[in-house]
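Enquirer: Structure file run_14.tsv (TSV, C-alpha atoms) right here:
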```
chain	number	residue	atom	x	y	z
A	190	MET	CA	88.97	27.58	70.89
A	191	CYS	CA	90.63	25.54	73.54
A	192	GLU	CA	94.35	25.22	73.84
A	193	ALA	CA	96.01	22.13	75.23
A	194	ALA	CA	98.31	22.70	78.16
A	195	GLY	CA	101.84	23.16	76.92
A	196	GLN	CA	100.77	23.54	73.28
A	197	ARG	CA	101.18	27.05	71.96
A	198	GLY	CA	100.42	28.27	68.51
A	199	GLY	CA	99.03	25.04	67.05
A	200	GLY	CA	95.57	25.56	65.67
A	201	GLY	CA	94.30	22.01	65.54
A	202	PRO	CA	95.16	18.36	65.81
A	203	GLY	CA	96.76	18.18	62.36
A	204	GLU	CA	98.75	21.42	62.62
A	205	ALA	CA	102.29	21.63	63.87
A	206	PRO	CA	102.94	24.12	66.68
A	207	GLN	CA	104.50	27.41	65.58
A	208	ARG	CA	108.20	27.77	66.15
A	209	ARG	CA	109.96	30.89	67.24
A	210	ARG	CA	111.86	32.52	64.44
A	211	ARG	CA	115.53	33.16	64.93
A	212	ALA	CA	116.84	36.63	64.46
A	213	PRO	CA	118.42	37.05	61.03
A	214	ALA	CA	122.20	36.87	60.92
A	215	HIS	CA	122.44	40.49	59.70
A	216	SER	CA	120.75	41.74	62.88
A	217	GLN	CA	123.97	41.22	64.79
A	218	ALA	CA	126.17	44.24	65.52
A	219	GLN	CA	127.20	45.78	62.21
A	220	PRO	CA	129.70	48.52	61.56
A	221	CYS	CA	128.45	51.86	60.28
A	222	VAL	CA	128.40	51.95	56.45
A	223	LYS	CA	129.79	55.48	56.39
A	224	CYS	CA	132.57	55.66	58.99
A	225	GLN	CA	133.16	51.88	59.40
A	226	GLN	CA	134.09	52.57	63.05
A	227	GLY	CA	130.98	52.99	65.15
A	228	SER	CA	128.55	50.18	65.72
A	229	ALA	CA	125.28	50.61	63.86
A	230	ALA	CA	122.47	52.08	65.94
A	231	LEU	CA	119.96	52.45	63.10
A	232	LEU	CA	119.16	50.30	60.08
A	233	LEU	CA	117.44	52.30	57.34
A	234	ARG	CA	117.32	49.50	54.76
A	235	PRO	CA	119.05	46.14	54.66
A	236	GLY	CA	122.72	46.97	54.27
A	237	ASP	CA	122.32	50.64	55.27
A	238	ALA	CA	123.31	50.65	58.94
A	239	PHE	CA	124.42	53.94	60.50
A	240	CYS	CA	125.93	54.93	63.83
A	241	ARG	CA	124.22	57.84	65.61
A	242	GLY	CA	126.71	60.47	64.47
A	243	CYS	CA	126.66	59.48	60.81
A	244	PHE	CA	122.85	59.23	60.79
A	245	ARG	CA	122.61	62.72	62.25
A	246	GLU	CA	124.89	64.07	59.49
A	247	LEU	CA	122.82	62.28	56.84
A	248	PHE	CA	119.56	63.62	58.32
A	249	VAL	CA	120.83	67.22	58.39
A	250	HIS	CA	122.16	66.91	54.83
A	251	LYS	CA	118.88	65.50	53.48
A	252	PHE	CA	116.82	68.18	55.27
A	253	ARG	CA	118.92	71.00	53.85
A	254	ALA	CA	119.10	69.39	50.38
A	255	VAL	CA	115.31	69.20	50.13
A	256	LEU	CA	114.97	72.87	51.06
A	257	GLY	CA	117.69	73.89	48.62
A	258	LYS	CA	116.61	71.79	45.64
A	259	SER	CA	112.89	72.53	45.87
A	260	ARG	CA	113.46	76.31	45.71
A	261	LEU	CA	110.08	76.87	47.33
A	262	ILE	CA	111.52	79.10	50.05
A	263	PHE	CA	113.49	82.22	49.10
A	264	PRO	CA	115.85	84.28	51.31
A	265	GLY	CA	113.97	86.62	53.64
A	266	GLU	CA	110.63	84.90	53.06
A	267	LYS	CA	108.35	84.25	56.04
A	268	VAL	CA	107.50	80.58	56.64
A	269	LEU	CA	104.87	79.33	59.08
A	270	LEU	CA	105.83	76.05	60.80
A	271	ALA	CA	102.99	74.02	62.35
A	272	LEU	CA	104.07	72.14	65.47
A	273	SER	CA	102.14	69.51	67.43
A	274	GLY	CA	104.81	68.67	69.99
A	275	GLY	CA	105.27	65.18	68.59
A	276	PRO	CA	108.60	63.66	67.56
A	277	VAL	CA	108.33	64.63	63.88
A	278	SER	CA	107.52	68.29	64.46
A	279	SER	CA	110.12	68.46	67.24
A	280	ALA	CA	112.77	67.11	64.85
A	281	MET	CA	111.71	69.67	62.22
A	282	LEU	CA	111.93	72.51	64.74
A	283	ARG	CA	115.39	71.41	65.84
A	284	GLN	CA	116.63	71.24	62.24
A	285	VAL	CA	115.32	74.73	61.50
A	286	GLN	CA	116.77	76.10	64.75
A	287	GLU	CA	120.21	74.64	63.98
A	288	GLY	CA	120.01	75.79	60.36
A	289	LEU	CA	119.31	79.37	61.41
A	290	SER	CA	122.24	79.42	63.85
A	291	ARG	CA	124.89	78.04	61.42
A	292	GLU	CA	127.73	80.05	59.90
A	293	THR	CA	126.74	82.56	57.24
A	294	ALA	CA	127.57	80.46	54.15
A	295	LYS	CA	125.34	77.51	55.07
A	296	ARG	CA	122.70	79.32	57.08
A	297	LEU	CA	118.98	78.97	56.37
A	298	ARG	CA	117.80	82.36	55.19
A	299	PHE	CA	114.07	82.44	55.87
A	300	VAL	CA	112.10	83.94	58.76
A	301	PRO	CA	110.21	81.21	60.65
A	302	GLY	CA	106.92	81.67	62.45
A	303	LEU	CA	105.56	79.00	64.77
A	304	LEU	CA	101.98	77.76	65.09
A	305	TYR	CA	101.12	75.22	67.77
A	306	VAL	CA	98.42	72.73	66.73
A	307	ASP	CA	96.82	70.78	69.55
A	308	ALA	CA	96.17	67.33	68.08
A	309	GLN	CA	93.55	66.53	70.72
A	310	ALA	CA	91.47	69.56	69.71
A	311	GLU	CA	90.98	68.13	66.20
A	312	LYS	CA	89.17	65.00	67.34
A	313	PRO	CA	85.44	65.21	67.98
A	314	PRO	CA	84.32	63.99	71.41
```
Kindly present the structure from the file in structure tokens form.

Expert:
Amino acid sequence: MCEAAGQRGGGGPGEAPQRRRRAPAHSQAQPCVKCQQGSAALLLRPGDAFCRGCFRELFVHKFRAVLGKSRLIFPGEKVLLALSGGPVSSAMLRQVQEGLSRETAKRLRFVPGLLYVDAQAEKPP
């Protein structure tokens, strides 16, 4: 289709041109919902804005809570971790590394093994 010079987004003679949407009012700088001091760097859901430090604490807590509540991994058990080098597997590796180096009371108590999976090798040519 042709587009008239200066007309953007309108599909036809009877249609009004599209307008740019304004950013919602809640997208402005918000305080962190946990500490109320830092400015929010991450919005998980509407109303759940976290600064970097508070999000990191939440992330570590959730990671450890899932491992503790599921009771799938027992102390001394060997666990194979598959890593691709992407952001998700890198975050998992960092959480496990930090969990193994914590003080004795809150330390992860399994023996990790690492397996590197090359994502490009999976795809057929």

Enquirer: Enumerate, in order of chain and increasing residue number, the residues of range 218-270 of chain A with an atom no farther than 9 Å from range 278-292 of chain A, each with its shortest atom pair and distance in Å to one decimal, counting all atoms listed in the file, as a tab-separated table.

Expert:
```
residue	atom	partner	partner_atom	distance
A:Val249	CA	A:Gln284	CA	7.0
A:Phe252	CA	A:Gln284	CA	7.6
A:Arg253	CA	A:Gly288	CA	8.2
A:Leu270	CA	A:Leu282	CA	8.1
```

Enquirer: Quick one: distance from CA of Tyr305 in chain A to CA of Arg241 in chain A in Å, one decimal?

Expert: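 Between CA of Tyr305 in chain A and CA of Arg241 in chain A the gap works out to 29.0 Å.
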
Enquirer: To one decimal place, how far is CA of Leu304 in chain A from CA of Phe244 in chain A in Å?

Expert: 28.2 Å

Enquirer: Do you know which residues are at most 9 Å from range 229-239 of chain A counting all atoms listed in the file, after dropping those on the same chain fewer than 4 positions away, and could you put them as a PDB file with C-alpha atoms, in the frame of the given file?

Expert:
```pdb
ATOM      1  CA  HIS A 215     122.440  40.490  59.700  1.00  0.00           C
ATOM      2  CA  ALA A 218     126.170  44.240  65.520  1.00  0.00           C
ATOM      3  CA  GLN A 219     127.200  45.780  62.210  1.00  0.00           C
ATOM      4  CA  PRO A 220     129.700  48.520  61.560  1.00  0.00           C
ATOM      5  CA  CYS A 221     128.450  51.860  60.280  1.00  0.00           C
ATOM      6  CA  VAL A 222     128.400  51.950  56.450  1.00  0.00           C
ATOM      7  CA  LYS A 223     129.790  55.480  56.390  1.00  0.00           C
ATOM      8  CA  CYS A 224     132.570  55.660  58.990  1.00  0.00           C
ATOM      9  CA  CYS A 243     126.660  59.480  60.810  1.00  0.00           C
ATOM     10  CA  PHE A 244     122.850  59.230  60.790  1.00  0.00           C
TER      11      PHE A 244
END
```

Enquirer: Would you work out the distance separating CA of Gly227 in chain A from CA of Val277 in chain A, expressed in Å to one decimal?

Expert: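 Pair CA of Gly227 in chain A / CA of Val277 in chain A returns 25.5 Å.
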
Enquirer: Atoms are missing here; could range 213-239 of chain A be completed with N, CA, C and O atoms and written as a CSV table (one decimal), in the frame of the given file?

Expert:
```
chain,number,residue,atom,x,y,z
A,213,PRO,N,117.6,37.2,62.2
A,213,PRO,CA,118.4,37.0,61.0
A,213,PRO,C,119.9,37.3,61.4
A,213,PRO,O,120.2,38.1,62.3
A,214,ALA,N,120.8,36.7,60.6
A,214,ALA,CA,122.2,36.9,60.9
A,214,ALA,C,122.7,38.3,60.8
A,214,ALA,O,123.6,38.8,61.5
A,215,HIS,N,122.0,39.1,59.9
A,215,HIS,CA,122.4,40.5,59.7
A,215,HIS,C,122.0,41.4,60.8
A,215,HIS,O,122.3,42.6,60.9
A,216,SER,N,121.2,40.9,61.8
A,216,SER,CA,120.8,41.7,62.9
A,216,SER,C,121.8,41.8,64.0
A,216,SER,O,121.6,42.6,64.9
A,217,GLN,N,122.9,41.1,63.8
A,217,GLN,CA,124.0,41.2,64.8
A,217,GLN,C,124.6,42.6,64.6
A,217,GLN,O,124.4,43.3,63.7
A,218,ALA,N,125.5,42.9,65.6
A,218,ALA,CA,126.2,44.2,65.5
A,218,ALA,C,126.9,44.4,64.2
A,218,ALA,O,127.7,43.6,63.8
A,219,GLN,N,126.6,45.5,63.5
A,219,GLN,CA,127.2,45.8,62.2
A,219,GLN,C,128.0,47.1,62.3
A,219,GLN,O,127.6,47.9,63.1
A,220,PRO,N,129.0,47.2,61.6
A,220,PRO,CA,129.7,48.5,61.6
A,220,PRO,C,128.9,49.5,60.7
A,220,PRO,O,128.1,49.2,59.9
A,221,CYS,N,129.1,50.8,61.0
A,221,CYS,CA,128.4,51.9,60.3
A,221,CYS,C,128.9,51.8,58.8
A,221,CYS,O,130.1,51.7,58.6
A,222,VAL,N,128.0,52.0,57.9
A,222,VAL,CA,128.4,52.0,56.4
A,222,VAL,C,129.2,53.2,56.0
A,222,VAL,O,129.9,53.1,55.0
A,223,LYS,N,129.1,54.3,56.8
A,223,LYS,CA,129.8,55.5,56.4
A,223,LYS,C,131.2,55.6,57.0
A,223,LYS,O,132.2,55.7,56.3
A,224,CYS,N,131.3,55.5,58.3
A,224,CYS,CA,132.6,55.7,59.0
A,224,CYS,C,133.3,54.3,59.2
A,224,CYS,O,134.5,54.3,59.5
A,225,GLN,N,132.6,53.2,59.2
A,225,GLN,CA,133.2,51.9,59.4
A,225,GLN,C,133.8,51.7,60.8
A,225,GLN,O,134.5,50.8,61.0
A,226,GLN,N,133.5,52.6,61.7
A,226,GLN,CA,134.1,52.6,63.0
A,226,GLN,C,133.0,52.3,64.1
A,226,GLN,O,133.2,51.4,64.9
A,227,GLY,N,132.0,53.1,64.1
A,227,GLY,CA,131.0,53.0,65.2
A,227,GLY,C,130.1,51.8,64.9
A,227,GLY,O,129.9,51.4,63.7
A,228,SER,N,129.5,51.3,65.9
A,228,SER,CA,128.6,50.2,65.7
A,228,SER,C,127.2,50.8,65.3
A,228,SER,O,126.8,51.8,65.8
A,229,ALA,N,126.5,50.1,64.4
A,229,ALA,CA,125.3,50.6,63.9
A,229,ALA,C,124.2,50.7,64.9
A,229,ALA,O,124.0,49.8,65.7
A,230,ALA,N,123.6,51.9,65.0
A,230,ALA,CA,122.5,52.1,65.9
A,230,ALA,C,121.1,52.1,65.2
A,230,ALA,O,120.1,52.0,65.8
A,231,LEU,N,121.2,52.3,63.9
A,231,LEU,CA,120.0,52.4,63.1
A,231,LEU,C,120.1,51.8,61.7
A,231,LEU,O,121.1,52.0,61.1
A,232,LEU,N,119.1,51.0,61.4
A,232,LEU,CA,119.2,50.3,60.1
A,232,LEU,C,118.0,50.9,59.2
A,232,LEU,O,116.9,50.7,59.5
A,233,LEU,N,118.4,51.7,58.2
A,233,LEU,CA,117.4,52.3,57.3
A,233,LEU,C,116.8,51.3,56.4
A,233,LEU,O,115.6,51.2,56.2
A,234,ARG,N,117.7,50.6,55.7
A,234,ARG,CA,117.3,49.5,54.8
A,234,ARG,C,118.3,48.4,55.0
A,234,ARG,O,119.4,48.6,55.6
A,235,PRO,N,118.0,47.2,54.5
A,235,PRO,CA,119.0,46.1,54.7
A,235,PRO,C,120.4,46.6,54.0
A,235,PRO,O,120.4,47.0,52.9
A,236,GLY,N,121.4,46.6,54.8
A,236,GLY,CA,122.7,47.0,54.3
A,236,GLY,C,123.1,48.4,54.5
A,236,GLY,O,124.2,48.8,54.3
A,237,ASP,N,122.1,49.2,55.0
A,237,ASP,CA,122.3,50.6,55.3
A,237,ASP,C,122.2,50.9,56.8
A,237,ASP,O,121.2,51.4,57.3
A,238,ALA,N,123.3,50.5,57.5
A,238,ALA,CA,123.3,50.6,58.9
A,238,ALA,C,124.2,51.8,59.3
A,238,ALA,O,125.3,52.0,58.7
A,239,PHE,N,123.7,52.7,60.1
A,239,PHE,CA,124.4,53.9,60.5
A,239,PHE,C,124.6,54.0,62.0
A,239,PHE,O,123.7,53.7,62.8
```
